[in-house]
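Working notes, structure below.
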Amino acid sequence: QPSAAGGSAAAPAVHLHSAADSRAVYLQRPDLGRRLNDASRQQLQALPRDQAGYDLAFVLADGLSSLALAQNAAPLLQALQARLAAATDAGDGPWRIAPLSIVQQGRVAIGDDIAHLLNARCVVVLIGERPGLSSPDSLGLYLTWAPQPGLSDAARNCISNVRPAGLTYDAAAFKLHYLLSEARRRQLSGVALKDETADQGANLEAPQRNFLLE
């Protein structure tokens, strides 16, 4: 069933797989990591849903660092959920959140495929970034409004280096919540949507509430 940010119901999670059936194929065929395999597509199509669709879908993909996803996805979503709930309490309206999608061997663009199948107006992909010498646990966040297969990276907004030693969860949640709010208000994302949070100053003392992962 659909869940609204700020409500008491938790969105269920679905476990999916890209068309890359192994890590070797994932590395050799980036195109296969950008779309779901047939079984996962059928799984999403079989989910019960409201015809009105969802406002927002979250996709967790291992990408190039499953460590980054394992360590950082849950606390980031907790920090974001607190902000979404606070915005709802302030009268901005709830977000109807799709079932959480967890994808093996996925790349950023697989979020477009998933959100399109779920009939979601916006998607945020949390994905492990390319490990560096000092940051093997860096998480990237990619937001796309009106997702559909075939979009280019110009349609997305990116927040990178989310981890305790990089961009903190609260700071990343502040930025992501701002971009989500502006994307919904203006119905766009990517190069036309600028991150102006640096000019606002981040209020990072948000209550810790978690409905996405409960």
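So you can find residues: chains in the structure tokens are A, B, ... in the order shown, residues in each start at 1, and ligands are numbered from 1 in order.
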
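Residues in contact with Pro131 in chain A at up to 8 Å, not including ones fewer than 5 positions away on its chain and judged by only C-alpha atoms, are Leu64, Ser65, Pro136, Asp137 and Ser138 of chain A.
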
As a VMD selection string, please: the residues near Ser101 in chain A (cut-off 9 Å, only C-alpha atoms, same-chain neighbours under 4 positions excluded).
chain A and resid 12 to 16 57 to 61 111 114

Write to file, as a PDB file, in the first residue's frame, the residues of the selection just made, with all heavy atoms.
ATOM      1  N   PRO A  12       6.979  -0.977   2.256  1.00  0.00           N
ATOM      2  CA  PRO A  12       7.672  -2.259   2.167  1.00  0.00           C
ATOM      3  C   PRO A  12       8.861  -2.164   1.214  1.00  0.00           C
ATOM      4  O   PRO A  12       8.954  -1.226   0.411  1.00  0.00           O
ATOM      5  CB  PRO A  12       6.595  -3.185   1.605  1.00  0.00           C
ATOM      6  CG  PRO A  12       5.690  -2.276   0.839  1.00  0.00           C
ATOM      7  CD  PRO A  12       5.674  -0.984   1.601  1.00  0.00           C
ATOM      8  N   ALA A  13       9.773  -3.114   1.288  1.00  0.00           N
ATOM      9  CA  ALA A  13      10.940  -3.136   0.418  1.00  0.00           C
ATOM     10  C   ALA A  13      10.821  -4.286  -0.579  1.00  0.00           C
ATOM     11  O   ALA A  13      10.303  -5.348  -0.256  1.00  0.00           O
ATOM     12  CB  ALA A  13      12.219  -3.292   1.242  1.00  0.00           C
ATOM     13  N   VAL A  14      11.301  -4.056  -1.789  1.00  0.00           N
ATOM     14  CA  VAL A  14      11.351  -5.111  -2.803  1.00  0.00           C
ATOM     15  C   VAL A  14      12.808  -5.281  -3.221  1.00  0.00           C
ATOM     16  O   VAL A  14      13.555  -4.304  -3.354  1.00  0.00           O
ATOM     17  CB  VAL A  14      10.471  -4.773  -4.015  1.00  0.00           C
ATOM     18  CG1 VAL A  14       9.001  -4.846  -3.643  1.00  0.00           C
ATOM     19  CG2 VAL A  14      10.792  -3.406  -4.584  1.00  0.00           C
ATOM     20  N   HIS A  15      13.212  -6.514  -3.414  1.00  0.00           N
ATOM     21  CA  HIS A  15      14.590  -6.824  -3.792  1.00  0.00           C
ATOM     22  C   HIS A  15      14.629  -7.154  -5.280  1.00  0.00           C
ATOM     23  O   HIS A  15      13.938  -8.064  -5.743  1.00  0.00           O
ATOM     24  CB  HIS A  15      15.116  -7.988  -2.956  1.00  0.00           C
ATOM     25  CG  HIS A  15      15.233  -7.658  -1.498  1.00  0.00           C
ATOM     26  ND1 HIS A  15      16.408  -7.223  -0.922  1.00  0.00           N
ATOM     27  CD2 HIS A  15      14.307  -7.662  -0.507  1.00  0.00           C
ATOM     28  CE1 HIS A  15      16.202  -6.985   0.370  1.00  0.00           C
ATOM     29  NE2 HIS A  15      14.941  -7.250   0.645  1.00  0.00           N
ATOM     30  N   LEU A  16      15.450  -6.401  -6.011  1.00  0.00           N
ATOM     31  CA  LEU A  16      15.479  -6.479  -7.466  1.00  0.00           C
ATOM     32  C   LEU A  16      16.896  -6.732  -7.960  1.00  0.00           C
ATOM     33  O   LEU A  16      17.859  -6.679  -7.191  1.00  0.00           O
ATOM     34  CB  LEU A  16      14.949  -5.167  -8.060  1.00  0.00           C
ATOM     35  CG  LEU A  16      13.574  -4.696  -7.545  1.00  0.00           C
ATOM     36  CD1 LEU A  16      13.291  -3.275  -8.009  1.00  0.00           C
ATOM     37  CD2 LEU A  16      12.478  -5.648  -7.994  1.00  0.00           C
ATOM     38  N   ALA A  57       9.968   7.775  -5.156  1.00  0.00           N
ATOM     39  CA  ALA A  57      10.503   6.419  -5.019  1.00  0.00           C
ATOM     40  C   ALA A  57      11.969   6.501  -4.617  1.00  0.00           C
ATOM     41  O   ALA A  57      12.719   7.355  -5.125  1.00  0.00           O
ATOM     42  CB  ALA A  57      10.374   5.649  -6.331  1.00  0.00           C
ATOM     43  N   PHE A  58      12.376   5.636  -3.692  1.00  0.00           N
ATOM     44  CA  PHE A  58      13.783   5.515  -3.304  1.00  0.00           C
ATOM     45  C   PHE A  58      14.326   4.199  -3.835  1.00  0.00           C
ATOM     46  O   PHE A  58      13.700   3.147  -3.672  1.00  0.00           O
ATOM     47  CB  PHE A  58      13.938   5.556  -1.784  1.00  0.00           C
ATOM     48  CG  PHE A  58      13.664   6.904  -1.179  1.00  0.00           C
ATOM     49  CD1 PHE A  58      12.429   7.191  -0.608  1.00  0.00           C
ATOM     50  CD2 PHE A  58      14.639   7.894  -1.192  1.00  0.00           C
ATOM     51  CE1 PHE A  58      12.173   8.438  -0.058  1.00  0.00           C
ATOM     52  CE2 PHE A  58      14.384   9.150  -0.639  1.00  0.00           C
ATOM     53  CZ  PHE A  58      13.146   9.412  -0.069  1.00  0.00           C
ATOM     54  N   VAL A  59      15.502   4.280  -4.459  1.00  0.00           N
ATOM     55  CA  VAL A  59      16.173   3.102  -5.002  1.00  0.00           C
ATOM     56  C   VAL A  59      17.549   3.006  -4.370  1.00  0.00           C
ATOM     57  O   VAL A  59      18.334   3.960  -4.415  1.00  0.00           O
ATOM     58  CB  VAL A  59      16.300   3.192  -6.540  1.00  0.00           C
ATOM     59  CG1 VAL A  59      17.108   2.022  -7.081  1.00  0.00           C
ATOM     60  CG2 VAL A  59      14.920   3.242  -7.191  1.00  0.00           C
ATOM     61  N   LEU A  60      17.851   1.863  -3.753  1.00  0.00           N
ATOM     62  CA  LEU A  60      19.153   1.607  -3.152  1.00  0.00           C
ATOM     63  C   LEU A  60      19.900   0.635  -4.051  1.00  0.00           C
ATOM     64  O   LEU A  60      19.472  -0.503  -4.232  1.00  0.00           O
ATOM     65  CB  LEU A  60      18.999   1.009  -1.751  1.00  0.00           C
ATOM     66  CG  LEU A  60      18.743   1.977  -0.587  1.00  0.00           C
ATOM     67  CD1 LEU A  60      17.474   2.776  -0.816  1.00  0.00           C
ATOM     68  CD2 LEU A  60      18.665   1.226   0.731  1.00  0.00           C
ATOM     69  N   ALA A  61      21.000   1.095  -4.636  1.00  0.00           N
ATOM     70  CA  ALA A  61      21.776   0.273  -5.561  1.00  0.00           C
ATOM     71  C   ALA A  61      23.211   0.139  -5.075  1.00  0.00           C
ATOM     72  O   ALA A  61      23.798   1.119  -4.595  1.00  0.00           O
ATOM     73  CB  ALA A  61      21.751   0.878  -6.967  1.00  0.00           C
ATOM     74  N   GLY A 111      17.230   3.607 -11.708  1.00  0.00           N
ATOM     75  CA  GLY A 111      16.164   4.269 -10.971  1.00  0.00           C
ATOM     76  C   GLY A 111      15.063   4.783 -11.879  1.00  0.00           C
ATOM     77  O   GLY A 111      13.878   4.801 -11.503  1.00  0.00           O
ATOM     78  N   ILE A 114      12.836   1.797 -12.711  1.00  0.00           N
ATOM     79  CA  ILE A 114      12.029   1.398 -11.552  1.00  0.00           C
ATOM     80  C   ILE A 114      10.902   2.397 -11.298  1.00  0.00           C
ATOM     81  O   ILE A 114       9.740   2.024 -11.127  1.00  0.00           O
ATOM     82  CB  ILE A 114      12.927   1.262 -10.309  1.00  0.00           C
ATOM     83  CG1 ILE A 114      13.884   0.069 -10.485  1.00  0.00           C
ATOM     84  CG2 ILE A 114      12.091   1.104  -9.046  1.00  0.00           C
ATOM     85  CD1 ILE A 114      14.970  -0.008  -9.442  1.00  0.00           C
TER      86      ILE A 114
END

Do a neighbour search on Tyr54 in chain A at 9 Å with only C-alpha atoms, toss out local chain neighbours closer than 3 positions, and write the hits as a CSV table (one decimal) with N, CA, C and O atoms, in the first residue's frame.
chain,number,residue,atom,x,y,z
A,2,PRO,N,0.4,2.4,-0.6
A,2,PRO,CA,1.2,3.6,-0.6
A,2,PRO,C,1.3,4.1,0.8
A,2,PRO,O,0.5,3.9,1.6
A,3,SER,N,2.5,4.7,1.1
A,3,SER,CA,2.6,5.3,2.4
A,3,SER,C,3.0,6.8,2.2
A,3,SER,O,3.6,7.2,1.3
A,49,ARG,N,-1.1,-1.3,-6.3
A,49,ARG,CA,-0.8,0.1,-6.3
A,49,ARG,C,-2.0,0.9,-6.5
A,49,ARG,O,-3.1,0.5,-7.0
A,50,ASP,N,-2.0,2.2,-6.1
A,50,ASP,CA,-3.0,3.1,-6.3
A,50,ASP,C,-2.8,3.7,-7.7
A,50,ASP,O,-1.7,4.1,-8.1
A,51,GLN,N,-3.9,3.9,-8.4
A,51,GLN,CA,-3.8,4.4,-9.8
A,51,GLN,C,-3.3,5.9,-9.8
A,51,GLN,O,-2.7,6.3,-10.8
A,57,ALA,N,10.0,7.8,-5.2
A,57,ALA,CA,10.5,6.4,-5.0
A,57,ALA,C,12.0,6.5,-4.6
A,57,ALA,O,12.7,7.4,-5.1
A,95,TRP,N,4.4,13.3,1.2
A,95,TRP,CA,4.9,12.6,0.0
A,95,TRP,C,4.3,11.2,0.0
A,95,TRP,O,4.5,10.5,1.0
A,96,ARG,N,3.7,10.8,-1.0
A,96,ARG,CA,3.3,9.4,-1.2
A,96,ARG,C,4.5,8.6,-1.7
A,96,ARG,O,4.9,8.8,-2.8
A,97,ILE,N,5.0,7.7,-0.8
A,97,ILE,CA,6.3,7.1,-1.0
A,97,ILE,C,6.1,5.6,-1.5
A,97,ILE,O,5.3,4.9,-0.9
A,98,ALA,N,6.7,5.3,-2.6
A,98,ALA,CA,6.6,4.0,-3.2
A,98,ALA,C,7.4,2.9,-2.4
A,98,ALA,O,8.2,3.3,-1.5
A,115,ALA,N,11.2,3.7,-11.3
A,115,ALA,CA,10.2,4.7,-11.0
A,115,ALA,C,9.1,4.7,-12.1
A,115,ALA,O,8.0,5.0,-11.8
A,118,LEU,N,6.8,2.0,-11.4
A,118,LEU,CA,6.0,2.2,-10.2
A,118,LEU,C,5.1,3.4,-10.3
A,118,LEU,O,4.3,3.7,-9.4
A,119,ASN,N,5.2,4.1,-11.4
A,119,ASN,CA,4.4,5.4,-11.6
A,119,ASN,C,4.7,6.4,-10.6
A,119,ASN,O,3.8,6.9,-9.9
A,120,ALA,N,6.0,6.7,-10.4
A,120,ALA,CA,6.5,7.6,-9.4
A,120,ALA,C,6.9,8.9,-10.1
A,120,ALA,O,7.6,8.9,-11.1
A,121,ARG,N,6.5,10.0,-9.5
A,121,ARG,CA,6.8,11.3,-10.1
A,121,ARG,C,8.3,11.7,-10.0
A,121,ARG,O,8.8,12.6,-10.7
A,122,CYS,N,8.9,11.2,-8.9
A,122,CYS,CA,10.3,11.6,-8.6
A,122,CYS,C,11.0,10.3,-8.1
A,122,CYS,O,10.4,9.5,-7.4

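Restricting the calculation to only C-alpha atoms, the smallest distance between Ala171 in chain A and any of A:Cys158, A:Val108, A:Ala70, A:Leu80 is found for A:Leu80.
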
Distance criterion (only C-alpha atoms): nearest to Leu27 in chain A out of A:Ser181, A:Arg163, A:Glu196, A:Arg130
A:Arg130

For a test of reading the model, state the distance in Å between CA of Asp112 in chain A and CA of Leu67 in chain A, rounded to one decimal.
23.1 Å

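If only C-alpha atoms are the atoms counted, then among A:Ala155, A:Ala165, A:Ile102, A:Leu44 the closest residue to Leu193 in chain A is A:Ala155.
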
Can you list, as a ChimeraX atom specification, every residue of chain A that DSSP puts in strand (DSSP E or B)?
/A:3-4,13-18,36,54,56-61,96-97,100-104,120,122-128,139-145,156-162,167

Using only C-alpha atoms, the residue out of A:Ala86, A:Val103, A:Asp92, A:Leu76 with shortest distance to Lys175 in chain A is A:Leu76

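In this comparison, which uses only C-alpha atoms, the residue of A:Arg83, A:Asn157, A:Gly150, A:Ala192 approaching His177 in chain A most closely is A:Arg83.
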
Within 12 Å of Gln104 in chain A, counting only C-alpha atoms, which residues qualify if same-chain residues fewer than 6 places away don't, as JSON, numbers by chain?
{"A": [14, 15, 16, 17, 18, 19, 20, 21, 22, 23, 26, 32, 33, 34, 35, 36, 37, 40, 59, 60, 61, 62, 63, 64, 65, 66, 69, 110, 127, 128]}

For the selection you just gave me, I'd like the residues written to a file as a PDB file, in the first residue's frame, keeping N, CA and C atoms.
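Output below, filename result-v1.pdb:
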ATOM      1  N   VAL A  14      11.301  -4.056  -1.789  1.00  0.00           N
ATOM      2  CA  VAL A  14      11.351  -5.111  -2.803  1.00  0.00           C
ATOM      3  C   VAL A  14      12.808  -5.281  -3.221  1.00  0.00           C
ATOM      4  N   HIS A  15      13.212  -6.514  -3.414  1.00  0.00           N
ATOM      5  CA  HIS A  15      14.590  -6.824  -3.792  1.00  0.00           C
ATOM      6  C   HIS A  15      14.629  -7.154  -5.280  1.00  0.00           C
ATOM      7  N   LEU A  16      15.450  -6.401  -6.011  1.00  0.00           N
ATOM      8  CA  LEU A  16      15.479  -6.479  -7.466  1.00  0.00           C
ATOM      9  C   LEU A  16      16.896  -6.732  -7.960  1.00  0.00           C
ATOM     10  N   HIS A  17      17.013  -7.000  -9.263  1.00  0.00           N
ATOM     11  CA  HIS A  17      18.331  -7.245  -9.872  1.00  0.00           C
ATOM     12  C   HIS A  17      18.358  -6.612 -11.250  1.00  0.00           C
ATOM     13  N   SER A  18      19.488  -6.052 -11.588  1.00  0.00           N
ATOM     14  CA  SER A  18      19.639  -5.491 -12.927  1.00  0.00           C
ATOM     15  C   SER A  18      19.787  -6.616 -13.951  1.00  0.00           C
ATOM     16  N   ALA A  19      19.864  -6.218 -15.206  1.00  0.00           N
ATOM     17  CA  ALA A  19      20.057  -7.202 -16.282  1.00  0.00           C
ATOM     18  C   ALA A  19      21.482  -7.716 -16.326  1.00  0.00           C
ATOM     19  N   ALA A  20      22.373  -7.171 -15.515  1.00  0.00           N
ATOM     20  CA  ALA A  20      23.737  -7.695 -15.389  1.00  0.00           C
ATOM     21  C   ALA A  20      23.719  -8.796 -14.335  1.00  0.00           C
ATOM     22  N   ASP A  21      23.891 -10.035 -14.749  1.00  0.00           N
ATOM     23  CA  ASP A  21      23.698 -11.151 -13.818  1.00  0.00           C
ATOM     24  C   ASP A  21      24.910 -11.470 -12.967  1.00  0.00           C
ATOM     25  N   SER A  22      26.011 -10.745 -13.147  1.00  0.00           N
ATOM     26  CA  SER A  22      27.202 -10.964 -12.324  1.00  0.00           C
ATOM     27  C   SER A  22      27.998  -9.669 -12.254  1.00  0.00           C
ATOM     28  N   ARG A  23      28.943  -9.614 -11.322  1.00  0.00           N
ATOM     29  CA  ARG A  23      29.788  -8.424 -11.197  1.00  0.00           C
ATOM     30  C   ARG A  23      30.648  -8.238 -12.440  1.00  0.00           C
ATOM     31  N   TYR A  26      28.464  -6.744 -15.035  1.00  0.00           N
ATOM     32  CA  TYR A  26      28.175  -5.368 -14.620  1.00  0.00           C
ATOM     33  C   TYR A  26      29.306  -4.425 -15.041  1.00  0.00           C
ATOM     34  N   LEU A  32      23.691  -2.889 -19.201  1.00  0.00           N
ATOM     35  CA  LEU A  32      22.862  -3.882 -18.524  1.00  0.00           C
ATOM     36  C   LEU A  32      22.611  -3.503 -17.066  1.00  0.00           C
ATOM     37  N   GLY A  33      23.517  -2.758 -16.473  1.00  0.00           N
ATOM     38  CA  GLY A  33      23.318  -2.300 -15.102  1.00  0.00           C
ATOM     39  C   GLY A  33      22.321  -1.159 -14.991  1.00  0.00           C
ATOM     40  N   ARG A  34      21.916  -0.606 -16.134  1.00  0.00           N
ATOM     41  CA  ARG A  34      20.993   0.524 -16.136  1.00  0.00           C
ATOM     42  C   ARG A  34      19.540   0.099 -16.279  1.00  0.00           C
ATOM     43  N   ARG A  35      19.296  -1.193 -16.428  1.00  0.00           N
ATOM     44  CA  ARG A  35      17.907  -1.645 -16.552  1.00  0.00           C
ATOM     45  C   ARG A  35      17.700  -2.937 -15.770  1.00  0.00           C
ATOM     46  N   LEU A  36      16.461  -3.197 -15.441  1.00  0.00           N
ATOM     47  CA  LEU A  36      16.107  -4.375 -14.658  1.00  0.00           C
ATOM     48  C   LEU A  36      16.095  -5.630 -15.515  1.00  0.00           C
ATOM     49  N   ASN A  37      16.297  -6.778 -14.856  1.00  0.00           N
ATOM     50  CA  ASN A  37      16.084  -8.031 -15.578  1.00  0.00           C
ATOM     51  C   ASN A  37      14.578  -8.301 -15.658  1.00  0.00           C
ATOM     52  N   SER A  40      12.621  -9.029 -12.349  1.00  0.00           N
ATOM     53  CA  SER A  40      12.403  -7.858 -11.498  1.00  0.00           C
ATOM     54  C   SER A  40      11.320  -6.946 -12.069  1.00  0.00           C
ATOM     55  N   VAL A  59      15.502   4.280  -4.459  1.00  0.00           N
ATOM     56  CA  VAL A  59      16.173   3.102  -5.002  1.00  0.00           C
ATOM     57  C   VAL A  59      17.549   3.006  -4.370  1.00  0.00           C
ATOM     58  N   LEU A  60      17.851   1.863  -3.753  1.00  0.00           N
ATOM     59  CA  LEU A  60      19.153   1.607  -3.152  1.00  0.00           C
ATOM     60  C   LEU A  60      19.900   0.635  -4.051  1.00  0.00           C
ATOM     61  N   ALA A  61      21.000   1.095  -4.636  1.00  0.00           N
ATOM     62  CA  ALA A  61      21.776   0.273  -5.561  1.00  0.00           C
ATOM     63  C   ALA A  61      23.211   0.139  -5.075  1.00  0.00           C
ATOM     64  N   ASP A  62      23.773  -1.057  -5.210  1.00  0.00           N
ATOM     65  CA  ASP A  62      25.137  -1.288  -4.725  1.00  0.00           C
ATOM     66  C   ASP A  62      26.170  -0.490  -5.505  1.00  0.00           C
ATOM     67  N   GLY A  63      25.959  -0.323  -6.816  1.00  0.00           N
ATOM     68  CA  GLY A  63      26.892   0.456  -7.624  1.00  0.00           C
ATOM     69  C   GLY A  63      28.303  -0.088  -7.556  1.00  0.00           C
ATOM     70  N   LEU A  64      29.259   0.798  -7.348  1.00  0.00           N
ATOM     71  CA  LEU A  64      30.664   0.414  -7.302  1.00  0.00           C
ATOM     72  C   LEU A  64      31.177   0.217  -5.882  1.00  0.00           C
ATOM     73  N   SER A  65      30.294   0.392  -4.889  1.00  0.00           N
ATOM     74  CA  SER A  65      30.712   0.182  -3.509  1.00  0.00           C
ATOM     75  C   SER A  65      29.514  -0.254  -2.673  1.00  0.00           C
ATOM     76  N   SER A  66      29.359  -1.542  -2.497  1.00  0.00           N
ATOM     77  CA  SER A  66      28.269  -2.031  -1.647  1.00  0.00           C
ATOM     78  C   SER A  66      28.499  -1.625  -0.191  1.00  0.00           C
ATOM     79  N   LEU A  69      26.755   1.677   0.550  1.00  0.00           N
ATOM     80  CA  LEU A  69      25.309   1.530   0.728  1.00  0.00           C
ATOM     81  C   LEU A  69      24.997   0.913   2.084  1.00  0.00           C
ATOM     82  N   ILE A 110      19.122   2.960 -13.513  1.00  0.00           N
ATOM     83  CA  ILE A 110      18.119   1.939 -13.233  1.00  0.00           C
ATOM     84  C   ILE A 110      16.967   2.514 -12.419  1.00  0.00           C
ATOM     85  N   ILE A 127      23.434   5.259  -4.173  1.00  0.00           N
ATOM     86  CA  ILE A 127      24.318   4.304  -4.834  1.00  0.00           C
ATOM     87  C   ILE A 127      25.752   4.459  -4.342  1.00  0.00           C
ATOM     88  N   GLY A 128      26.450   3.350  -4.241  1.00  0.00           N
ATOM     89  CA  GLY A 128      27.843   3.377  -3.852  1.00  0.00           C
ATOM     90  C   GLY A 128      28.706   3.951  -4.953  1.00  0.00           C
TER      91      GLY A 128
END

Looking only at the backbone, which of the residues in range 27-188 of chain A does DSSP tag as helix (DSSP H, G or I), as a PyMOL selection string?
chain A and resi 27-28+30-33+38-45+66-89+110-118+153-155+169-186

Using C-alpha atoms, can you export the residues from the last selection as a PDB file, in the first residue's frame?
ATOM      1  CA  LEU A  27      31.692  -3.995 -15.158  1.00  0.00           C
ATOM      2  CA  GLN A  28      31.902  -5.019 -18.814  1.00  0.00           C
ATOM      3  CA  PRO A  30      27.295  -0.735 -18.191  1.00  0.00           C
ATOM      4  CA  ASP A  31      24.101  -0.725 -20.264  1.00  0.00           C
ATOM      5  CA  LEU A  32      22.862  -3.882 -18.524  1.00  0.00           C
ATOM      6  CA  GLY A  33      23.318  -2.300 -15.102  1.00  0.00           C
ATOM      7  CA  ASP A  38      12.787  -9.536 -16.701  1.00  0.00           C
ATOM      8  CA  ALA A  39      11.999 -11.164 -13.355  1.00  0.00           C
ATOM      9  CA  SER A  40      12.403  -7.858 -11.498  1.00  0.00           C
ATOM     10  CA  ARG A  41      10.233  -6.013 -14.005  1.00  0.00           C
ATOM     11  CA  GLN A  42       7.494  -8.583 -13.532  1.00  0.00           C
ATOM     12  CA  GLN A  43       7.871  -8.313  -9.763  1.00  0.00           C
ATOM     13  CA  LEU A  44       7.278  -4.555  -9.849  1.00  0.00           C
ATOM     14  CA  GLN A  45       4.408  -4.833 -12.299  1.00  0.00           C
ATOM     15  CA  SER A  66      28.269  -2.031  -1.647  1.00  0.00           C
ATOM     16  CA  LEU A  67      30.083  -0.961   1.546  1.00  0.00           C
ATOM     17  CA  ALA A  68      28.918   2.625   1.035  1.00  0.00           C
ATOM     18  CA  LEU A  69      25.309   1.530   0.728  1.00  0.00           C
ATOM     19  CA  ALA A  70      25.471  -0.830   3.706  1.00  0.00           C
ATOM     20  CA  GLN A  71      26.997   1.774   6.012  1.00  0.00           C
ATOM     21  CA  ASN A  72      25.296   4.992   4.931  1.00  0.00           C
ATOM     22  CA  ALA A  73      21.884   4.374   3.342  1.00  0.00           C
ATOM     23  CA  ALA A  74      19.874   3.736   6.507  1.00  0.00           C
ATOM     24  CA  PRO A  75      21.123   6.732   8.546  1.00  0.00           C
ATOM     25  CA  LEU A  76      20.758   9.035   5.542  1.00  0.00           C
ATOM     26  CA  LEU A  77      17.156   7.947   4.997  1.00  0.00           C
ATOM     27  CA  GLN A  78      16.425   8.374   8.694  1.00  0.00           C
ATOM     28  CA  ALA A  79      17.715  11.949   8.603  1.00  0.00           C
ATOM     29  CA  LEU A  80      15.741  12.686   5.437  1.00  0.00           C
ATOM     30  CA  GLN A  81      12.537  11.154   6.802  1.00  0.00           C
ATOM     31  CA  ALA A  82      12.715  13.463   9.803  1.00  0.00           C
ATOM     32  CA  ARG A  83      12.782  16.449   7.454  1.00  0.00           C
ATOM     33  CA  LEU A  84       9.978  15.120   5.250  1.00  0.00           C
ATOM     34  CA  ALA A  85       7.840  14.527   8.344  1.00  0.00           C
ATOM     35  CA  ALA A  86       8.597  17.995   9.708  1.00  0.00           C
ATOM     36  CA  ALA A  87       7.635  19.570   6.388  1.00  0.00           C
ATOM     37  CA  THR A  88       4.358  17.658   6.447  1.00  0.00           C
ATOM     38  CA  ASP A  89       3.673  18.893   9.982  1.00  0.00           C
ATOM     39  CA  ILE A 110      18.119   1.939 -13.233  1.00  0.00           C
ATOM     40  CA  GLY A 111      16.164   4.269 -10.971  1.00  0.00           C
ATOM     41  CA  ASP A 112      14.411   5.689 -14.050  1.00  0.00           C
ATOM     42  CA  ASP A 113      13.277   2.198 -15.059  1.00  0.00           C
ATOM     43  CA  ILE A 114      12.029   1.398 -11.552  1.00  0.00           C
ATOM     44  CA  ALA A 115      10.215   4.701 -10.978  1.00  0.00           C
ATOM     45  CA  HIS A 116       8.566   4.517 -14.387  1.00  0.00           C
ATOM     46  CA  LEU A 117       7.210   1.046 -13.591  1.00  0.00           C
ATOM     47  CA  LEU A 118       6.000   2.243 -10.178  1.00  0.00           C
ATOM     48  CA  ASP A 153      22.576  12.685 -16.578  1.00  0.00           C
ATOM     49  CA  ALA A 154      21.601  16.282 -17.394  1.00  0.00           C
ATOM     50  CA  ALA A 155      18.148  15.430 -15.994  1.00  0.00           C
ATOM     51  CA  TYR A 169      23.891  12.636   6.968  1.00  0.00           C
ATOM     52  CA  ASP A 170      22.151  15.727   8.315  1.00  0.00           C
ATOM     53  CA  ALA A 171      23.829  18.025   5.800  1.00  0.00           C
ATOM     54  CA  ALA A 172      23.024  15.650   2.927  1.00  0.00           C
ATOM     55  CA  ALA A 173      19.414  15.307   4.116  1.00  0.00           C
ATOM     56  CA  PHE A 174      19.101  19.101   4.259  1.00  0.00           C
ATOM     57  CA  LYS A 175      20.332  19.443   0.678  1.00  0.00           C
ATOM     58  CA  LEU A 176      18.223  16.559  -0.603  1.00  0.00           C
ATOM     59  CA  HIS A 177      15.074  17.827   1.097  1.00  0.00           C
ATOM     60  CA  TYR A 178      15.603  21.253  -0.446  1.00  0.00           C
ATOM     61  CA  LEU A 179      16.040  19.756  -3.930  1.00  0.00           C
ATOM     62  CA  LEU A 180      13.014  17.492  -3.492  1.00  0.00           C
ATOM     63  CA  SER A 181      10.845  20.393  -2.397  1.00  0.00           C
ATOM     64  CA  GLU A 182      11.992  22.572  -5.290  1.00  0.00           C
ATOM     65  CA  ALA A 183      11.651  19.727  -7.799  1.00  0.00           C
ATOM     66  CA  ARG A 184       8.048  19.144  -6.736  1.00  0.00           C
ATOM     67  CA  ARG A 185       7.235  22.868  -6.701  1.00  0.00           C
ATOM     68  CA  ARG A 186       8.798  23.556 -10.098  1.00  0.00           C
TER      69      ARG A 186
END

Among listed residues A:Val25, A:Val123, A:Ala146, A:Leu139, nearest Pro99 in chain A (using only C-alpha atoms):
A:Val123
